file query-v4.tsv (TSV, C-alpha atoms)
chain	number	residue	atom	x	y	z
A	204	MET	CA	-42.14	-33.65	-34.77
A	205	PHE	CA	-44.57	-31.83	-37.04
A	206	ALA	CA	-45.91	-28.28	-37.13
A	207	SER	CA	-49.26	-27.59	-38.81
A	208	SER	CA	-49.46	-24.80	-41.37
A	209	GLY	CA	-52.38	-24.74	-43.80
A	210	ARG	CA	-52.46	-28.10	-45.58
A	211	ALA	CA	-48.89	-28.94	-44.59
A	212	GLN	CA	-47.36	-30.84	-41.73
A	213	LEU	CA	-43.84	-29.45	-41.49
A	214	ALA	CA	-41.27	-31.92	-40.17
A	215	TYR	CA	-38.86	-30.39	-37.68
A	216	ASP	CA	-36.28	-31.33	-35.05
A	217	CYS	CA	-35.30	-29.60	-31.81
A	218	ASP	CA	-31.81	-30.27	-30.49
A	219	GLY	CA	-29.93	-28.59	-27.68
A	220	VAL	CA	-30.50	-26.80	-24.42
A	221	GLN	CA	-33.23	-24.37	-23.39
A	222	ASP	CA	-31.08	-21.81	-21.59
A	223	GLY	CA	-29.28	-20.45	-24.68
A	224	VAL	CA	-30.55	-18.86	-27.87
A	225	ASP	CA	-33.24	-20.51	-29.99
A	226	VAL	CA	-31.90	-20.91	-33.54
A	227	LEU	CA	-34.22	-21.53	-36.51
A	228	LEU	CA	-32.42	-23.16	-39.46
A	229	ILE	CA	-33.96	-22.74	-42.94
A	230	HIS	CA	-32.35	-24.86	-45.64
A	231	ALA	CA	-31.53	-24.14	-49.28
A	232	GLY	CA	-33.73	-25.13	-52.22
A	233	VAL	CA	-31.54	-28.14	-53.05
A	234	THR	CA	-31.26	-29.70	-49.57
A	235	ASP	CA	-33.39	-30.34	-46.48
A	236	ARG	CA	-33.00	-30.00	-42.72
A	237	ARG	CA	-30.26	-32.66	-42.64
A	238	SER	CA	-27.92	-30.16	-44.29
A	239	TRP	CA	-27.52	-28.40	-40.93
A	240	ARG	CA	-26.07	-31.36	-39.03
A	241	HIS	CA	-22.62	-29.79	-38.50
A	242	VAL	CA	-24.17	-26.52	-37.32
A	243	VAL	CA	-26.44	-28.37	-34.91
A	244	GLU	CA	-23.50	-30.35	-33.51
A	245	GLN	CA	-21.62	-27.11	-32.86
A	246	LEU	CA	-24.50	-25.10	-31.38
A	247	SER	CA	-26.58	-27.64	-29.47
A	248	PRO	CA	-24.34	-27.83	-26.35
A	249	ARG	CA	-25.16	-24.13	-25.70
A	250	HIS	CA	-28.30	-23.31	-27.70
A	251	ARG	CA	-31.50	-24.92	-29.00
A	252	CYS	CA	-31.56	-25.63	-32.75
A	253	ILE	CA	-34.86	-25.90	-34.63
A	254	ALA	CA	-34.41	-27.27	-38.14
A	255	TYR	CA	-37.36	-27.97	-40.44
A	256	ASP	CA	-38.15	-29.21	-43.95
A	257	MET	CA	-39.89	-26.74	-46.23
A	258	ARG	CA	-42.79	-27.86	-48.41
A	259	GLY	CA	-41.49	-30.15	-51.14
A	260	TYR	CA	-38.50	-31.30	-49.09
A	261	GLY	CA	-37.49	-34.02	-46.68
A	262	GLU	CA	-40.20	-35.51	-44.49
A	263	THR	CA	-42.70	-32.65	-44.67
A	264	VAL	CA	-46.09	-33.80	-45.96
A	265	TYR	CA	-48.62	-31.55	-47.66
A	266	GLU	CA	-51.47	-31.26	-50.08
A	267	PRO	CA	-51.15	-28.85	-53.01
A	268	GLU	CA	-52.37	-25.46	-51.80
A	269	ASP	CA	-52.35	-22.16	-53.65
A	270	GLY	CA	-51.64	-19.10	-51.54
A	271	TRP	CA	-49.33	-20.78	-49.03
A	272	SER	CA	-46.59	-18.69	-47.45
A	273	PRO	CA	-43.01	-19.71	-46.56
A	274	VAL	CA	-43.05	-17.03	-43.86
A	275	ALA	CA	-46.25	-18.40	-42.32
A	276	ASP	CA	-44.67	-21.87	-42.39
A	277	ALA	CA	-41.58	-20.59	-40.55
A	278	VAL	CA	-43.75	-18.87	-37.94
A	279	ALA	CA	-45.74	-22.10	-37.50
A	280	VAL	CA	-42.52	-23.97	-36.73
A	281	LEU	CA	-41.43	-21.33	-34.24
A	282	ASP	CA	-44.82	-21.51	-32.55
A	283	ALA	CA	-44.85	-25.31	-32.44
A	284	ALA	CA	-41.38	-25.30	-30.89
A	285	GLY	CA	-42.40	-22.69	-28.33
A	286	ALA	CA	-39.87	-20.12	-29.57
A	287	HIS	CA	-41.09	-16.54	-29.25
A	288	SER	CA	-37.96	-15.25	-30.99
A	289	ALA	CA	-34.92	-16.88	-32.52
A	290	ALA	CA	-31.72	-16.32	-34.40
A	291	ILE	CA	-32.64	-17.16	-37.99
A	292	VAL	CA	-30.01	-18.92	-40.12
A	293	GLY	CA	-30.93	-19.28	-43.79
A	294	CYS	CA	-29.13	-20.46	-46.89
A	295	SER	CA	-30.09	-19.51	-50.45
A	296	ARG	CA	-33.88	-19.80	-50.72
A	297	GLY	CA	-33.90	-20.27	-46.96
A	298	GLY	CA	-32.09	-16.95	-46.66
A	299	GLN	CA	-34.80	-15.31	-48.74
A	300	THR	CA	-37.43	-16.65	-46.35
A	301	ALA	CA	-35.34	-15.53	-43.38
A	302	ILE	CA	-35.24	-11.97	-44.74
A	303	ASP	CA	-38.97	-11.97	-45.50
A	304	LEU	CA	-39.66	-13.27	-41.97
A	305	THR	CA	-37.48	-10.56	-40.45
A	306	LEU	CA	-39.32	-7.81	-42.33
A	307	ALA	CA	-42.78	-9.23	-41.60
A	308	HIS	CA	-42.21	-10.16	-37.95
A	309	PRO	CA	-39.16	-8.31	-36.59
A	310	GLU	CA	-40.15	-9.15	-33.02
A	311	ARG	CA	-39.55	-12.85	-33.76
A	312	VAL	CA	-35.95	-12.35	-34.96
A	313	ALA	CA	-33.07	-11.97	-32.48
A	314	GLY	CA	-30.39	-12.18	-35.17
A	315	LEU	CA	-29.98	-13.07	-38.83
A	316	VAL	CA	-27.36	-15.22	-40.59
A	317	LEU	CA	-27.49	-15.36	-44.39
A	318	ILE	CA	-25.43	-17.82	-46.47
A	319	GLY	CA	-25.44	-17.43	-50.26
A	320	THR	CA	-28.74	-15.74	-49.72
A	321	GLY	CA	-31.51	-15.05	-52.16
A	322	VAL	CA	-33.35	-11.74	-51.80
A	323	ARG	CA	-36.82	-11.20	-53.18
A	324	GLY	CA	-36.71	-8.42	-55.78
A	325	ALA	CA	-32.90	-8.23	-55.94
A	326	PRO	CA	-31.23	-6.95	-59.14
A	327	TYR	CA	-29.62	-10.20	-60.22
A	328	PRO	CA	-27.14	-9.74	-63.07
A	329	ASP	CA	-28.07	-11.26	-66.44
A	330	LEU	CA	-25.12	-13.55	-67.06
A	331	GLN	CA	-24.33	-14.19	-70.72
A	332	HIS	CA	-20.89	-15.76	-70.36
A	333	GLY	CA	-18.87	-17.67	-67.81
A	334	PRO	CA	-19.25	-20.90	-65.81
A	335	THR	CA	-22.65	-20.08	-64.29
A	336	ALA	CA	-24.15	-19.08	-67.65
A	337	GLU	CA	-22.81	-22.28	-69.23
A	338	LEU	CA	-24.31	-24.44	-66.50
A	339	ASN	CA	-27.61	-22.56	-66.72
A	340	ALA	CA	-27.78	-23.45	-70.43
A	341	ARG	CA	-27.28	-27.11	-69.51
A	342	PHE	CA	-30.02	-26.80	-66.90
A	343	ASP	CA	-32.41	-25.46	-69.52
A	344	ALA	CA	-31.66	-28.38	-71.85
A	345	ALA	CA	-32.07	-30.98	-69.09
A	346	GLU	CA	-35.33	-29.44	-67.94
A	347	ALA	CA	-36.68	-29.37	-71.51
A	348	ALA	CA	-35.78	-33.06	-71.84
A	349	GLY	CA	-37.33	-33.95	-68.46
A	350	ASP	CA	-34.03	-35.50	-67.38
A	351	ILE	CA	-34.23	-35.41	-63.58
A	352	ASP	CA	-30.98	-37.32	-63.11
A	353	GLU	CA	-29.12	-34.76	-65.22
A	354	LEU	CA	-30.74	-31.92	-63.29
A	355	GLY	CA	-29.50	-33.51	-60.08
A	356	ARG	CA	-25.97	-33.85	-61.44
A	357	LEU	CA	-25.93	-30.23	-62.56
A	358	ASP	CA	-27.35	-29.06	-59.22
A	359	ALA	CA	-24.47	-30.80	-57.43
A	360	TRP	CA	-21.93	-29.15	-59.72
A	361	MET	CA	-23.50	-25.68	-59.45
A	362	TRP	CA	-24.38	-25.53	-55.76
A	363	LEU	CA	-22.12	-28.03	-54.01
A	364	ASP	CA	-18.90	-27.82	-56.04
A	365	GLY	CA	-19.31	-24.32	-57.45
A	366	PRO	CA	-19.76	-23.57	-61.17
A	367	ALA	CA	-16.12	-22.58	-61.72
A	368	ALA	CA	-14.78	-25.56	-59.75
A	369	GLN	CA	-14.13	-29.04	-61.04
A	370	GLU	CA	-17.21	-31.25	-60.98
A	371	GLY	CA	-16.86	-33.60	-58.04
A	372	ARG	CA	-14.82	-31.18	-55.92
A	373	VAL	CA	-16.91	-32.32	-52.94
A	374	GLY	CA	-17.25	-36.09	-52.69
A	375	GLY	CA	-17.90	-38.91	-50.26
A	376	GLU	CA	-20.80	-38.91	-47.80
A	377	VAL	CA	-21.50	-35.21	-48.31
A	378	ARG	CA	-22.11	-35.69	-52.03
A	379	GLU	CA	-24.22	-38.79	-51.41
A	380	LEU	CA	-26.36	-36.87	-48.92
A	381	PHE	CA	-26.75	-33.99	-51.37
A	382	PHE	CA	-28.00	-36.33	-54.09
A	383	GLU	CA	-30.43	-37.98	-51.67
A	384	MET	CA	-31.84	-34.67	-50.40
A	385	ASN	CA	-32.03	-32.97	-53.79
A	386	GLY	CA	-33.30	-36.09	-55.57
A	387	ARG	CA	-36.26	-36.25	-53.22
A	388	ALA	CA	-36.98	-32.57	-53.84
A	389	LEU	CA	-36.73	-32.88	-57.63
A	390	ARG	CA	-39.34	-35.66	-57.57
A	391	ALA	CA	-41.67	-34.06	-55.03
A	392	GLU	CA	-45.20	-32.97	-55.86
A	393	ASP	CA	-45.64	-29.25	-56.51
A	394	PRO	CA	-46.92	-27.69	-53.25
A	395	GLY	CA	-48.94	-25.08	-55.18
A	396	GLN	CA	-48.58	-21.41	-56.01
A	397	GLN	CA	-47.07	-19.32	-53.24
A	398	ALA	CA	-48.85	-16.21	-52.02
A	399	GLU	CA	-47.51	-13.02	-53.56
A	400	SER	CA	-44.95	-11.30	-51.35
A	401	PRO	CA	-43.53	-7.78	-51.64
A	402	ALA	CA	-39.96	-7.25	-52.80
A	403	ALA	CA	-37.55	-7.30	-49.88
A	404	TRP	CA	-34.63	-5.62	-51.65
A	405	PRO	CA	-35.94	-2.04	-51.28
A	406	ARG	CA	-36.59	-2.66	-47.57
A	407	LEU	CA	-33.26	-4.15	-46.45
A	408	ALA	CA	-32.39	-0.91	-44.66
A	409	GLU	CA	-35.36	-1.59	-42.33
A	410	ILE	CA	-33.68	-4.66	-40.83
A	411	ALA	CA	-32.61	-3.85	-37.28
A	412	ALA	CA	-31.56	-7.32	-36.13
A	413	PRO	CA	-27.82	-8.08	-35.88
A	414	THR	CA	-26.90	-9.65	-39.23
A	415	LEU	CA	-24.06	-11.77	-40.59
A	416	VAL	CA	-23.84	-12.27	-44.37
A	417	MET	CA	-21.56	-15.02	-45.71
A	418	VAL	CA	-20.45	-15.37	-49.33
A	419	GLY	CA	-18.58	-18.39	-50.71
A	420	ARG	CA	-15.77	-17.47	-53.08
A	421	LEU	CA	-16.75	-20.41	-55.34
A	422	ASP	CA	-20.46	-19.55	-55.40
A	423	ALA	CA	-22.29	-18.60	-58.61
A	424	GLU	CA	-21.37	-15.28	-60.21
A	425	ASP	CA	-24.92	-13.93	-59.84
A	426	VAL	CA	-25.23	-14.94	-56.17
A	427	GLN	CA	-22.03	-13.40	-54.84
A	428	PRO	CA	-22.78	-9.73	-55.70
A	429	ILE	CA	-26.27	-9.95	-54.21
A	430	GLY	CA	-24.83	-11.07	-50.87
A	431	GLU	CA	-22.19	-8.34	-51.01
A	432	GLN	CA	-24.74	-5.61	-51.79
A	433	ALA	CA	-27.20	-6.92	-49.18
A	434	ALA	CA	-24.50	-6.65	-46.52
A	435	ARG	CA	-24.01	-2.99	-47.45
A	436	LEU	CA	-27.74	-2.25	-47.38
A	437	ILE	CA	-28.57	-3.92	-44.04
A	438	PRO	CA	-27.54	-1.52	-41.25
A	439	GLY	CA	-24.51	-2.78	-39.33
A	440	ALA	CA	-24.35	-6.10	-41.17
A	441	GLN	CA	-21.09	-8.06	-41.09
A	442	LEU	CA	-19.82	-9.50	-44.38
A	443	ARG	CA	-17.71	-12.66	-44.27
A	444	TYR	CA	-16.07	-14.18	-47.35
A	445	LEU	CA	-15.51	-17.94	-47.32
A	446	ASP	CA	-12.54	-19.32	-49.24
A	447	ARG	CA	-12.60	-22.60	-51.17
A	448	VAL	CA	-16.35	-23.21	-50.71
A	449	ALA	CA	-19.44	-22.52	-52.80
A	450	HIS	CA	-23.15	-22.25	-51.96
A	451	LEU	CA	-23.44	-24.84	-49.16
A	452	PRO	CA	-20.39	-24.47	-46.91
A	453	HIS	CA	-22.23	-25.70	-43.82
A	454	LEU	CA	-23.11	-28.95	-45.60
A	455	GLU	CA	-19.42	-29.46	-46.34
A	456	GLY	CA	-18.69	-28.94	-42.64
A	457	ASN	CA	-16.44	-25.97	-43.44
A	458	ARG	CA	-14.91	-24.97	-40.12
A	459	THR	CA	-14.76	-21.24	-40.90
A	460	THR	CA	-18.49	-21.25	-41.63
A	461	ILE	CA	-19.47	-23.30	-38.60
A	462	GLU	CA	-17.32	-21.26	-36.23
A	463	ALA	CA	-18.59	-17.96	-37.65
A	464	ILE	CA	-22.21	-19.02	-37.09
A	465	ALA	CA	-21.40	-20.24	-33.58
A	466	GLY	CA	-19.55	-17.05	-32.69
A	467	PHE	CA	-22.40	-14.90	-33.97
A	468	VAL	CA	-25.06	-16.82	-32.03
A	469	ASP	CA	-22.92	-16.93	-28.88
A	470	HIS	CA	-22.53	-13.15	-29.05
A	471	LEU	CA	-26.33	-12.71	-28.98
A	472	THR	CA	-26.27	-13.87	-25.35
A	473	ASP	CA	-23.74	-11.21	-24.27
call {"tool": "encode", "arguments": {"input": "query-v4.tsv", "output": "structure tokens"}}
result
Amino acid sequence: MFASSGRAQLAYDCDGVQDGVDVLLIHAGVTDRRSWRHVVEQLSPRHRCIAYDMRGYGETVYEPEDGWSPVADAVAVLDAAGAHSAAIVGCSRGGQTAIDLTLAHPERVAGLVLIGTGVRGAPYPDLQHGPTAELNARFDAAEAAGDIDELGRLDAWMWLDGPAAQEGRVGGEVRELFFEMNGRALRAEDPGQQAESPAAWPRLAEIAAPTLVMVGRLDAEDVQPIGEQAARLIPGAQLRYLDRVAHLPHLEGNRTTIEAIAGFVDHLTD
């Protein structure tokens, strides 16, 4: 199915039952909606899952358009799916959009789950040394050389394995799917300049929705502290550390991650 938003047709799926909680799944900047398959399998017997591809990802089609808004796109998907409000689950860049959506339209958000989240305006540390800094230097070199294959390899190491982990920690079908999703994104046409959005970091204390923040122990050194601080700034937020996983634990099918999301969403019906 497709939801219209500006010059984009956003591809989305609805799976599950109508009598539970609607759950909007917003993927990371290196995956697409297929990354949520384990979450959907767990939730769909009791809830309705709405997963979509952002502009530049998966099966979403678009024309370049300056001034487009990720929040407006998310609202368009909710509207197309007939969901007045939903639990919003976002990873990385998807978490950033989930936070922006919550601040802009709190009435649409029944709960918030953030995995390795980005936060607009957050005080990210300037890393000069360590595994993440070393990989970032390799990213810069690959980007300067226009080497898309190398960028894809480094993305898998950074975000799937974790920068301090051995490259190839996660293999098999999961790694193949990552390369397929991220490879499509790396080669996608630029969707255009996003509309300017206000910093969310100074406003985290305004979030009233129940919130679960998850941080992978193997995630990048600049991502982990932002998640930890965000959990302290959002009133009543739960903070959950995830052992032996990095930025995309749900893609790995990590049971702790999947069960934590399911337990949080189930609790919203109590």
call {"tool": "closest_residue", "arguments": {"input": "query-v4.tsv", "among": "A:Val312, A:Leu451, A:Leu357, A:Leu389", "to": "Ala411 in chain A", "atoms": "all atoms listed in the file"}}
result
A:Val312
call {"tool": "atom_distance", "arguments": {"input": "query-v4.tsv", "atom1": "CA of Leu317 in chain A", "atom2": "CA of Leu454 in chain A"}}
result
14.3 Å
call {"tool": "closest_atom_pairs", "arguments": {"input": "query-v4.tsv", "of": "range 263-357 of chain A", "to": "range 457-463 of chain A", "cutoff": "12 Å", "atoms": "only C-alpha atoms", "output": "JSON lines"}}
result
{"residue": "A:Val292", "atom": "CA", "partner": "A:Ile461", "partner_atom": "CA", "distance": 11.5}
{"residue": "A:Cys294", "atom": "CA", "partner": "A:Thr460", "partner_atom": "CA", "distance": 11.9}
{"residue": "A:Val316", "atom": "CA", "partner": "A:Ala463", "partner_atom": "CA", "distance": 9.6}
{"residue": "A:Leu317", "atom": "CA", "partner": "A:Thr460", "partner_atom": "CA", "distance": 11.1}
{"residue": "A:Ile318", "atom": "CA", "partner": "A:Thr460", "partner_atom": "CA", "distance": 9.1}
{"residue": "A:Gly319", "atom": "CA", "partner": "A:Thr460", "partner_atom": "CA", "distance": 11.7}
call {"tool": "closest_atom_pairs", "arguments": {"input": "query-v4.tsv", "of": "range 263-327 of chain A", "to": "range 209-217 of chain A", "cutoff": "9 Å", "atoms": "only C-alpha atoms", "output": "JSON lines"}}
result
{"residue": "A:Thr263", "atom": "CA", "partner": "A:Leu213", "partner_atom": "CA", "distance": 4.7}
{"residue": "A:Val264", "atom": "CA", "partner": "A:Gln212", "partner_atom": "CA", "distance": 5.3}
{"residue": "A:Tyr265", "atom": "CA", "partner": "A:Ala211", "partner_atom": "CA", "distance": 4.0}
{"residue": "A:Glu266", "atom": "CA", "partner": "A:Arg210", "partner_atom": "CA", "distance": 5.6}
{"residue": "A:Pro267", "atom": "CA", "partner": "A:Arg210", "partner_atom": "CA", "distance": 7.6}
{"residue": "A:Glu268", "atom": "CA", "partner": "A:Arg210", "partner_atom": "CA", "distance": 6.8}
{"residue": "A:Trp271", "atom": "CA", "partner": "A:Gly209", "partner_atom": "CA", "distance": 7.2}
{"residue": "A:Ala275", "atom": "CA", "partner": "A:Gly209", "partner_atom": "CA", "distance": 8.9}
{"residue": "A:Asp276", "atom": "CA", "partner": "A:Leu213", "partner_atom": "CA", "distance": 7.7}
{"residue": "A:Ala279", "atom": "CA", "partner": "A:Leu213", "partner_atom": "CA", "distance": 8.6}
{"residue": "A:Val280", "atom": "CA", "partner": "A:Leu213", "partner_atom": "CA", "distance": 7.4}
{"residue": "A:Ala284", "atom": "CA", "partner": "A:Cys217", "partner_atom": "CA", "distance": 7.5}
call {"tool": "atom_distance", "arguments": {"input": "query-v4.tsv", "atom1": "CA of Asp256 in chain A", "atom2": "CA of Val278 in chain A"}}
result
13.2 Å
call {"tool": "residues_around", "arguments": {"input": "query-v4.tsv", "residues": "Gly333 in chain A", "least_positions_apart": "5", "cutoff": "10 Å", "atoms": "all atoms listed in the file", "output": "list of chain:residue names"}}
result
A:Leu338, A:Pro366, A:Ala367, A:Ala423, A:Glu424
call {"tool": "write_last_selection", "arguments": {"input": "query-v4.tsv", "atoms": "C-alpha atoms", "output": "tab-separated table (two decimals), in the coordinates of the input"}}
result
chain	number	residue	atom	x	y	z
A	338	LEU	CA	-24.31	-24.44	-66.50
A	366	PRO	CA	-19.76	-23.57	-61.17
A	367	ALA	CA	-16.12	-22.58	-61.72
A	423	ALA	CA	-22.29	-18.60	-58.61
A	424	GLU	CA	-21.37	-15.28	-60.21
call {"tool": "atom_distance", "arguments": {"input": "query-v4.tsv", "atom1": "CA of Ser295 in chain A", "atom2": "CA of Val322 in chain A"}}
result
8.5 Å
call {"tool": "closest_residue", "arguments": {"input": "query-v4.tsv", "among": "A:Asp235, A:Asp222, A:Asp425, A:Asp269", "to": "Asn339 in chain A", "atoms": "only C-alpha atoms"}}
result
A:Asp425
call {"tool": "closest_residue", "arguments": {"input": "query-v4.tsv", "among": "A:Pro334, A:Gly297, A:Pro326, A:Pro413", "to": "Val233 in chain A", "atoms": "all atoms listed in the file"}}
result
A:Gly297
call {"tool": "axis_aligned_box", "arguments": {"input": "query-v4.tsv", "around": "range 443-462 of chain A", "padding_each_side": "4 Å", "output": "lines of an AutoDock Vina configuration file"}}
result
center_x = -18.0
center_y = -21.1
center_z = -44.5
size_x = 18.9
size_y = 24.8
size_z = 24.6
call {"tool": "closest_residue", "arguments": {"input": "query-v4.tsv", "among": "A:Thr320, A:Ser272, A:Thr414, A:Gln432", "to": "Gln397 in chain A", "atoms": "all atoms listed in the file"}}
result
A:Ser272
call {"tool": "closest_residue", "arguments": {"input": "query-v4.tsv", "among": "A:Arg249, A:Arg311, A:Arg435, A:Arg296", "to": "Asp282 in chain A", "atoms": "only C-alpha atoms"}}
result
A:Arg311
call {"tool": "residues_around", "arguments": {"input": "query-v4.tsv", "residues": "Asp358 in chain A", "least_positions_apart": "5", "cutoff": "12 Å", "atoms": "only C-alpha atoms", "output": "JSON, numbers by chain"}}
result
{"A": [231, 232, 233, 234, 335, 338, 339, 341, 342, 345, 346, 351, 352, 353, 363, 364, 365, 366, 370, 371, 378, 381, 382, 384, 385, 386, 388, 389, 423, 450, 451]}
call {"tool": "build_atoms", "arguments": {"input": "query-v4.tsv", "residues": "range 374-399 of chain A", "atoms": "N, CA and C atoms", "output": "compact mmCIF listing (two decimals), in the coordinates of the input"}}
result
# COMPACT_ATOMS: atom_id res chain seq x y z
N GLY A 374 -16.86 -34.69 -52.47
CA GLY A 374 -17.25 -36.09 -52.69
C GLY A 374 -17.69 -36.78 -51.42
N GLY A 375 -17.63 -38.10 -51.44
CA GLY A 375 -17.90 -38.91 -50.26
C GLY A 375 -19.32 -38.80 -49.76
N GLU A 376 -19.48 -38.90 -48.42
CA GLU A 376 -20.80 -38.91 -47.80
C GLU A 376 -21.56 -37.60 -48.01
N VAL A 377 -20.83 -36.50 -48.10
CA VAL A 377 -21.50 -35.21 -48.31
C VAL A 377 -22.19 -35.20 -49.67
N ARG A 378 -21.50 -35.67 -50.69
CA ARG A 378 -22.11 -35.69 -52.03
C ARG A 378 -23.28 -36.67 -52.08
N GLU A 379 -23.14 -37.80 -51.45
CA GLU A 379 -24.22 -38.79 -51.41
C GLU A 379 -25.45 -38.20 -50.73
N LEU A 380 -25.23 -37.48 -49.62
CA LEU A 380 -26.36 -36.87 -48.92
C LEU A 380 -27.00 -35.80 -49.78
N PHE A 381 -26.19 -35.00 -50.48
CA PHE A 381 -26.75 -33.99 -51.37
C PHE A 381 -27.66 -34.62 -52.40
N PHE A 382 -27.19 -35.68 -53.06
CA PHE A 382 -28.00 -36.33 -54.09
C PHE A 382 -29.29 -36.90 -53.50
N GLU A 383 -29.23 -37.42 -52.28
CA GLU A 383 -30.43 -37.98 -51.67
C GLU A 383 -31.43 -36.87 -51.36
N MET A 384 -30.95 -35.78 -50.75
CA MET A 384 -31.84 -34.67 -50.40
C MET A 384 -32.43 -34.02 -51.65
N ASN A 385 -31.57 -33.69 -52.60
CA ASN A 385 -32.03 -32.97 -53.79
C ASN A 385 -32.86 -33.87 -54.69
N GLY A 386 -32.51 -35.16 -54.76
CA GLY A 386 -33.30 -36.09 -55.57
C GLY A 386 -34.73 -36.20 -55.09
N ARG A 387 -34.90 -36.22 -53.77
CA ARG A 387 -36.26 -36.25 -53.22
C ARG A 387 -37.01 -34.99 -53.59
N ALA A 388 -36.33 -33.84 -53.52
CA ALA A 388 -36.98 -32.57 -53.84
C ALA A 388 -37.34 -32.48 -55.32
N LEU A 389 -36.47 -32.95 -56.19
CA LEU A 389 -36.73 -32.88 -57.63
C LEU A 389 -37.95 -33.71 -58.03
N ARG A 390 -38.22 -34.76 -57.25
CA ARG A 390 -39.34 -35.66 -57.57
C ARG A 390 -40.59 -35.38 -56.75
N ALA A 391 -40.54 -34.35 -55.91
CA ALA A 391 -41.67 -34.06 -55.03
C ALA A 391 -42.83 -33.42 -55.79
N GLU A 392 -44.02 -33.60 -55.27
CA GLU A 392 -45.20 -32.97 -55.86
C GLU A 392 -45.15 -31.46 -55.63
N ASP A 393 -45.60 -30.71 -56.61
CA ASP A 393 -45.64 -29.25 -56.51
C ASP A 393 -46.56 -28.87 -55.35
N PRO A 394 -46.07 -28.06 -54.39
CA PRO A 394 -46.92 -27.69 -53.25
C PRO A 394 -47.99 -26.66 -53.60
N GLY A 395 -47.96 -26.09 -54.79
CA GLY A 395 -48.94 -25.08 -55.18
C GLY A 395 -48.30 -23.71 -55.30
N GLN A 396 -49.07 -22.77 -55.79
CA GLN A 396 -48.58 -21.41 -56.01
C GLN A 396 -48.45 -20.68 -54.67
N GLN A 397 -47.27 -20.10 -54.45
CA GLN A 397 -47.07 -19.32 -53.24
C GLN A 397 -47.89 -18.02 -53.28
N ALA A 398 -48.23 -17.53 -52.12
CA ALA A 398 -48.85 -16.21 -52.02
C ALA A 398 -47.87 -15.15 -52.51
N GLU A 399 -48.38 -14.11 -53.12
CA GLU A 399 -47.51 -13.02 -53.56
C GLU A 399 -46.92 -12.31 -52.35
